Structures are given as structure tokens and as C-alpha cells.
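A.B. asks: After the C-alpha cells below, expect a handful of questions from me.
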Amino acid sequence: MDNASQKYLFHANGMHCHSCALLIEETLSKVSGVSNIKAVLGNNTVKIEGDFKGANAEAIAEELSRHIKPHGYTLSMEKQKKSMELSDFYYAIPAAMVFLAIFYSLQKIGFVNFVNAPTGSLLVPFLIGLVASVSTCLAIVGGLTLSISANYAKTGERWKPQTLFHAGRMGGFFILGGIVGALGSGLRANSEFSFILNLIVSIVMVILGINLLDIFHSVKKFSVTMPKSISRLVMKHRTISTAIAPALIGAGTFFLPCGFTQSMQLYALSSGSFVRGGLIMLLFSLGTLPVLALISFGFAGIKKEYSSVLMKAAGIVVIVLALYSFQAILAANGIINPIFTF
């Protein structure tokens, strides 16, 4: 710590992806006295610079934590030794198994067979979207929807901008996902490279799931993400009040640093098809829609009770889906016989 320039290094508790880091930066940058901030996922630290009027470091950490605690984060001077909360798993494991069992049953009775295709199940991105919507990875998107609501409140409009946001998000995800899928067409032409790319998708999903479990912190440094400059550009334009702005912001969430989104973008790339890549990202966005819509129209808040249990349940589901994807890839290439299918 440099007292002369009032620079502080705090340990962040609760971060598990780059979206968390961006959310912490966006939230604390608005706090009085903060002039510069950088959250680093790799070592779970937050570097703060500003004028805190002589307050000591502990008091600053406590005050800043008050602003980010609703999102599930806190700051501390010392690195906290985090023990595994086994009690969370007592609830998380059954919740995850029920979630997977319901969709497995729906698939088996043919209710969701329309999302299947010879090259893999499109049910997976929809499931990932549902899981993502109950994790803090989409808290930043929920924050965007609330910003839009506040920005248009003076005009008396509420439903229209939010509807445009979600329509723009789904339309943008389909078009941008299609472009990503088309870019992968050349990659799929090479069967060996396609095989490797699909394995990478599974590995990225496993890393995401492990990060959600919040047990092995060293894995966080391997998370993939968009450059922060692109994400900040989306956040910067959230206060524009033009008629089409909500739709453009919704489409722009494609570039936010959410681990779920990035894993599905790789999935879309591996599809090698504009239509299939677009459907992958569209179904992912549809999976996130119910919870985001509740947040948008004021029926639910971003802060969730039992967040630790929800995060661990989400991590279990993501890991199971990643293992499903992994065995499907091996089976498709004749390496093993199919173990299980959705």
C-alpha cells in the first residue's frame, strides 16, 4: 500500500469469472472517492486508487464491500482461507440432479426432440442458458436492464425499451452466433481440427463449472474472455436514450465477459454453420430470458438468496453437460461407444 497516493490492494471474495471482475469495477467506480480501479480474476484482487479522506484500509474495505455485497462479493485486507462448504453441496447436488432429470425426461418423451440434430443436441445451449440465468455471471446483464429502465423512466416508458432490449439480445445473438458459426465452416472441413475444437469447448465448460463450484481458485486464470475494452464499450452506451438503443445494447451483451456466453460462442464456432451457430446462441439467450425478464420488469432482483447453493448447483450441471459433450465427441469419432445421450 502506498499511503501518499492512496493506493490499496484488497482481496476479493466471491469472484469466479471475468464478468464478476467487470461488475465489481463498474459498481465501485461509481463510489465517491474512487478514481481508479482494477479487478484481477487470476489472483482475486482489486486494486483501488482514490481519495478516502484519511480512512484506514479496513474501513475502506468495509465501505466498498457494502456496495458490492448485494452481488455476492466482499473485500478484505487479508486473503481469506476458504474452506469447502459441504453444507452447500447437500442442497446443490439434489437441485442439480433434479434439473438434469427433468430435461432428460422431457427429451426421452419427445417433448424437446425438435432441438436435436445429427451433429449434436441443441438442447445443451438452452440448458446452459437456464443455468447461467441463476448465476452471478448474468448479474451484469441484469444490471444493464435495470439501467435501461431507470434511463427511460422519465419518459414514462417501461415495457417498450425492455422489450426492445430482449428482442435485440435474441436477434443479435442469432446473427452474431451465425457469423461465428460461419467462420468455423473452414475449421470443420478439417476433421482433426474440428475434433480438437470440440474438445476445447468441453474443456472450457469444465473450467467454467469448476469456477462456479469455487473450490480450486487456481483454475480461474484459465478462463477465456472478450477483451475488457469491448465489454466497457457496451456498458458505456447503456445510458443512451434513442429509440433503437435498447435493442443495440441487448445485441451488444454478446460481447460481455460471461464464461457461459464464451463457452457457447466456441460451441457455435465448432458448428461450422451460420444457421446452426445462430440457433446455438439464440437458444442460449432464450434460456436466460425468463429470469432476465423478471429482473427487467421489476418482478425480481439481481440479489438472490442461497446464492452459494445456486452457484454450486450451476457448476455441477455445467460439468455434467461438459462431460456429456466430451463423451459425445469421442463417440462421434468412433473412439468409444456412446455412454449416455440427451
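Residue numbers start at 1 in each chain; chains themselves are named A, B, ... in the order of the C-alpha cells; ligands are numbered from 1 in the order shown.
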Any idea what's packed within 12 Å of Lys47 in chain A, counting only C-alpha atoms, ignoring anything in its chain fewer than 4 positions away? Could you give it as a PyMOL selection string?

C.D. replies: chain A and resi 1-2+6-12+21+24-25+28-29+34-41+43+61+75-77

A.B. asks: Based on the selection just made, write N, CA and C atoms of those residues as a PDB file, in the first residue's frame.

C.D. replies:
```pdb
ATOM      1  N   MET A   1       0.834  -1.194   0.000  1.00  0.00           N
ATOM      2  CA  MET A   1       0.000   0.000   0.000  1.00  0.00           C
ATOM      3  C   MET A   1       0.870   1.244   0.000  1.00  0.00           C
ATOM      4  N   ASP A   2       0.549   2.225  -0.810  1.00  0.00           N
ATOM      5  CA  ASP A   2       1.259   3.489  -0.881  1.00  0.00           C
ATOM      6  C   ASP A   2       0.356   4.565  -0.299  1.00  0.00           C
ATOM      7  N   GLN A   6      -2.518   7.014  -1.927  1.00  0.00           N
ATOM      8  CA  GLN A   6      -3.751   6.340  -1.524  1.00  0.00           C
ATOM      9  C   GLN A   6      -4.118   5.215  -2.497  1.00  0.00           C
ATOM     10  N   LYS A   7      -3.175   4.318  -2.648  1.00  0.00           N
ATOM     11  CA  LYS A   7      -3.408   3.119  -3.451  1.00  0.00           C
ATOM     12  C   LYS A   7      -3.531   1.926  -2.508  1.00  0.00           C
ATOM     13  N   TYR A   8      -4.530   1.099  -2.779  1.00  0.00           N
ATOM     14  CA  TYR A   8      -4.796  -0.038  -1.904  1.00  0.00           C
ATOM     15  C   TYR A   8      -4.962  -1.312  -2.728  1.00  0.00           C
ATOM     16  N   LEU A   9      -4.542  -2.398  -2.138  1.00  0.00           N
ATOM     17  CA  LEU A   9      -4.741  -3.705  -2.758  1.00  0.00           C
ATOM     18  C   LEU A   9      -5.597  -4.542  -1.818  1.00  0.00           C
ATOM     19  N   PHE A  10      -6.796  -4.888  -2.275  1.00  0.00           N
ATOM     20  CA  PHE A  10      -7.714  -5.682  -1.474  1.00  0.00           C
ATOM     21  C   PHE A  10      -7.875  -7.068  -2.082  1.00  0.00           C
ATOM     22  N   HIS A  11      -8.192  -8.020  -1.242  1.00  0.00           N
ATOM     23  CA  HIS A  11      -8.530  -9.361  -1.707  1.00  0.00           C
ATOM     24  C   HIS A  11     -10.040  -9.430  -1.904  1.00  0.00           C
ATOM     25  N   ALA A  12     -10.458  -9.944  -3.060  1.00  0.00           N
ATOM     26  CA  ALA A  12     -11.886 -10.029  -3.389  1.00  0.00           C
ATOM     27  C   ALA A  12     -12.388 -11.436  -3.105  1.00  0.00           C
ATOM     28  N   ALA A  21     -15.422  -9.667 -12.313  1.00  0.00           N
ATOM     29  CA  ALA A  21     -14.432  -8.600 -12.233  1.00  0.00           C
ATOM     30  C   ALA A  21     -14.974  -7.303 -12.830  1.00  0.00           C
ATOM     31  N   ILE A  24     -17.648  -5.757 -10.505  1.00  0.00           N
ATOM     32  CA  ILE A  24     -17.029  -5.086  -9.359  1.00  0.00           C
ATOM     33  C   ILE A  24     -16.463  -3.737  -9.785  1.00  0.00           C
ATOM     34  N   GLU A  25     -15.769  -3.712 -10.921  1.00  0.00           N
ATOM     35  CA  GLU A  25     -15.202  -2.449 -11.411  1.00  0.00           C
ATOM     36  C   GLU A  25     -16.284  -1.426 -11.701  1.00  0.00           C
ATOM     37  N   LEU A  28     -17.937  -0.246  -8.199  1.00  0.00           N
ATOM     38  CA  LEU A  28     -17.094   0.557  -7.322  1.00  0.00           C
ATOM     39  C   LEU A  28     -16.597   1.838  -7.985  1.00  0.00           C
ATOM     40  N   SER A  29     -16.575   1.877  -9.308  1.00  0.00           N
ATOM     41  CA  SER A  29     -16.134   3.102  -9.992  1.00  0.00           C
ATOM     42  C   SER A  29     -17.082   4.269  -9.729  1.00  0.00           C
ATOM     43  N   VAL A  34     -13.406   7.084  -5.311  1.00  0.00           N
ATOM     44  CA  VAL A  34     -12.658   6.136  -6.145  1.00  0.00           C
ATOM     45  C   VAL A  34     -12.322   6.783  -7.483  1.00  0.00           C
ATOM     46  N   SER A  35     -11.023   6.832  -7.809  1.00  0.00           N
ATOM     47  CA  SER A  35     -10.594   7.437  -9.072  1.00  0.00           C
ATOM     48  C   SER A  35     -10.092   6.400 -10.069  1.00  0.00           C
ATOM     49  N   ASN A  36      -9.660   5.265  -9.575  1.00  0.00           N
ATOM     50  CA  ASN A  36      -9.150   4.224 -10.469  1.00  0.00           C
ATOM     51  C   ASN A  36      -9.343   2.866  -9.799  1.00  0.00           C
ATOM     52  N   ILE A  37      -9.704   1.866 -10.599  1.00  0.00           N
ATOM     53  CA  ILE A  37      -9.953   0.536 -10.035  1.00  0.00           C
ATOM     54  C   ILE A  37      -9.641  -0.527 -11.076  1.00  0.00           C
ATOM     55  N   LYS A  38      -9.082  -1.633 -10.609  1.00  0.00           N
ATOM     56  CA  LYS A  38      -8.812  -2.764 -11.487  1.00  0.00           C
ATOM     57  C   LYS A  38      -9.001  -4.049 -10.702  1.00  0.00           C
ATOM     58  N   ALA A  39      -9.933  -4.882 -11.155  1.00  0.00           N
ATOM     59  CA  ALA A  39     -10.176  -6.183 -10.532  1.00  0.00           C
ATOM     60  C   ALA A  39      -9.470  -7.252 -11.354  1.00  0.00           C
ATOM     61  N   VAL A  40      -8.729  -8.120 -10.687  1.00  0.00           N
ATOM     62  CA  VAL A  40      -7.949  -9.161 -11.359  1.00  0.00           C
ATOM     63  C   VAL A  40      -8.468 -10.524 -10.920  1.00  0.00           C
ATOM     64  N   LEU A  41      -9.022 -11.274 -11.859  1.00  0.00           N
ATOM     65  CA  LEU A  41      -9.594 -12.578 -11.532  1.00  0.00           C
ATOM     66  C   LEU A  41      -8.526 -13.595 -11.158  1.00  0.00           C
ATOM     67  N   ASN A  43      -5.807 -13.651  -9.458  1.00  0.00           N
ATOM     68  CA  ASN A  43      -5.388 -13.750  -8.057  1.00  0.00           C
ATOM     69  C   ASN A  43      -6.428 -13.187  -7.094  1.00  0.00           C
ATOM     70  N   ALA A  61     -12.246  -0.964   3.035  1.00  0.00           N
ATOM     71  CA  ALA A  61     -12.694  -2.283   2.557  1.00  0.00           C
ATOM     72  C   ALA A  61     -14.137  -2.546   2.975  1.00  0.00           C
ATOM     73  N   LEU A  75     -14.713  -7.341   0.057  1.00  0.00           N
ATOM     74  CA  LEU A  75     -13.283  -7.051   0.010  1.00  0.00           C
ATOM     75  C   LEU A  75     -12.704  -7.219   1.409  1.00  0.00           C
ATOM     76  N   SER A  76     -11.438  -7.612   1.479  1.00  0.00           N
ATOM     77  CA  SER A  76     -10.766  -7.770   2.766  1.00  0.00           C
ATOM     78  C   SER A  76      -9.286  -7.446   2.599  1.00  0.00           C
ATOM     79  N   MET A  77      -8.640  -7.084   3.700  1.00  0.00           N
ATOM     80  CA  MET A  77      -7.213  -6.776   3.651  1.00  0.00           C
ATOM     81  C   MET A  77      -6.378  -8.051   3.523  1.00  0.00           C
TER      82      MET A  77
END
```

A.B. asks: Go ahead and compute the interatomic distance for CA of Gly272 in chain A and CA of Phe193 in chain A, in Å to one decimal.

C.D. replies: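 Answer for the CA of Gly272 in chain A to CA of Phe193 in chain A separation: 11.7 Å.
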
A.B. asks: Which is closest to Ala55 in chain A among A:Gly33, A:Phe254, A:Val309, A:Ile215, if we use only C-alpha atoms?

C.D. replies: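 Ranking A:Gly33, A:Phe254, A:Val309, A:Ile215 by distance to Ala55 in chain A, first place goes to A:Gly33.
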
A.B. asks: What lies within 7 Å of Arg276 in chain A using only C-alpha atoms, ignoring chain neighbours under 5 positions off, as an NGL selection string?

C.D. replies: :A and (178 or 181 or 271)

A.B. asks: Just write the chosen residues, N, CA and C atoms, as a tab-separated table (two decimals), in the first residue's frame.

C.D. replies:
```
chain	number	residue	atom	x	y	z
A	178	GLY	N	-24.47	-16.76	-35.75
A	178	GLY	CA	-24.41	-17.28	-37.11
A	178	GLY	C	-23.09	-16.92	-37.77
A	181	GLY	N	-20.48	-19.10	-36.33
A	181	GLY	CA	-20.61	-20.43	-36.90
A	181	GLY	C	-20.07	-20.50	-38.32
A	271	SER	N	-19.67	-25.49	-34.74
A	271	SER	CA	-20.77	-25.98	-35.57
A	271	SER	C	-20.47	-25.86	-37.06
```

A.B. asks: Kindly indicate which residue among A:Gly142, A:Gly72, A:Gly14, A:Gly250 lies nearest to Phe173 in chain A, using only C-alpha atoms for the distances.

C.D. replies: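 The closest residue to Phe173 in chain A is A:Gly250.
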
A.B. asks: Counting only C-alpha atoms, what is within 10 Å of Gly278 in chain A, bar same-chain residues fewer than 4 positions away, as a count of residues only?

C.D. replies: 22

A.B. asks: Restricting the calculation to only C-alpha atoms, which member of A:Ile93, A:Val31, A:Cys17, A:Leu122 is positioned closest to Arg66 in chain A?

C.D. replies: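 For Arg66 in chain A, the nearest of the given residues is A:Val31.
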
A.B. asks: In Å, with one decimal, what is the gap from CA of Ser194 in chain A to CA of Leu330 in chain A?

C.D. replies: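 Going from CA of Ser194 in chain A over to CA of Leu330 in chain A, I get 12.0 Å.
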
A.B. asks: When distances are computed from only C-alpha atoms, which of A:Ser32, A:Asn337, A:Thr45, A:Thr261 shows the smallest separation from Gly129 in chain A?

C.D. replies: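 So, comparing all the options, the nearest one is A:Thr261.
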
A.B. asks: Have a look at CA of Lys108 in chain A and CA of Val131 in chain A and let me know their distance in Å, one decimal.

C.D. replies: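 Spanning CA of Lys108 in chain A to CA of Val131 in chain A is a straight-line distance of 20.4 Å.
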
A.B. asks: Pick from A:Asn44, A:Ser202, A:Thr145, A:Thr27: nearest to Tyr267 in chain A, with only C-alpha atoms counted?

C.D. replies: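 Answer, going by the shortest atom-to-atom distance: A:Ser202.
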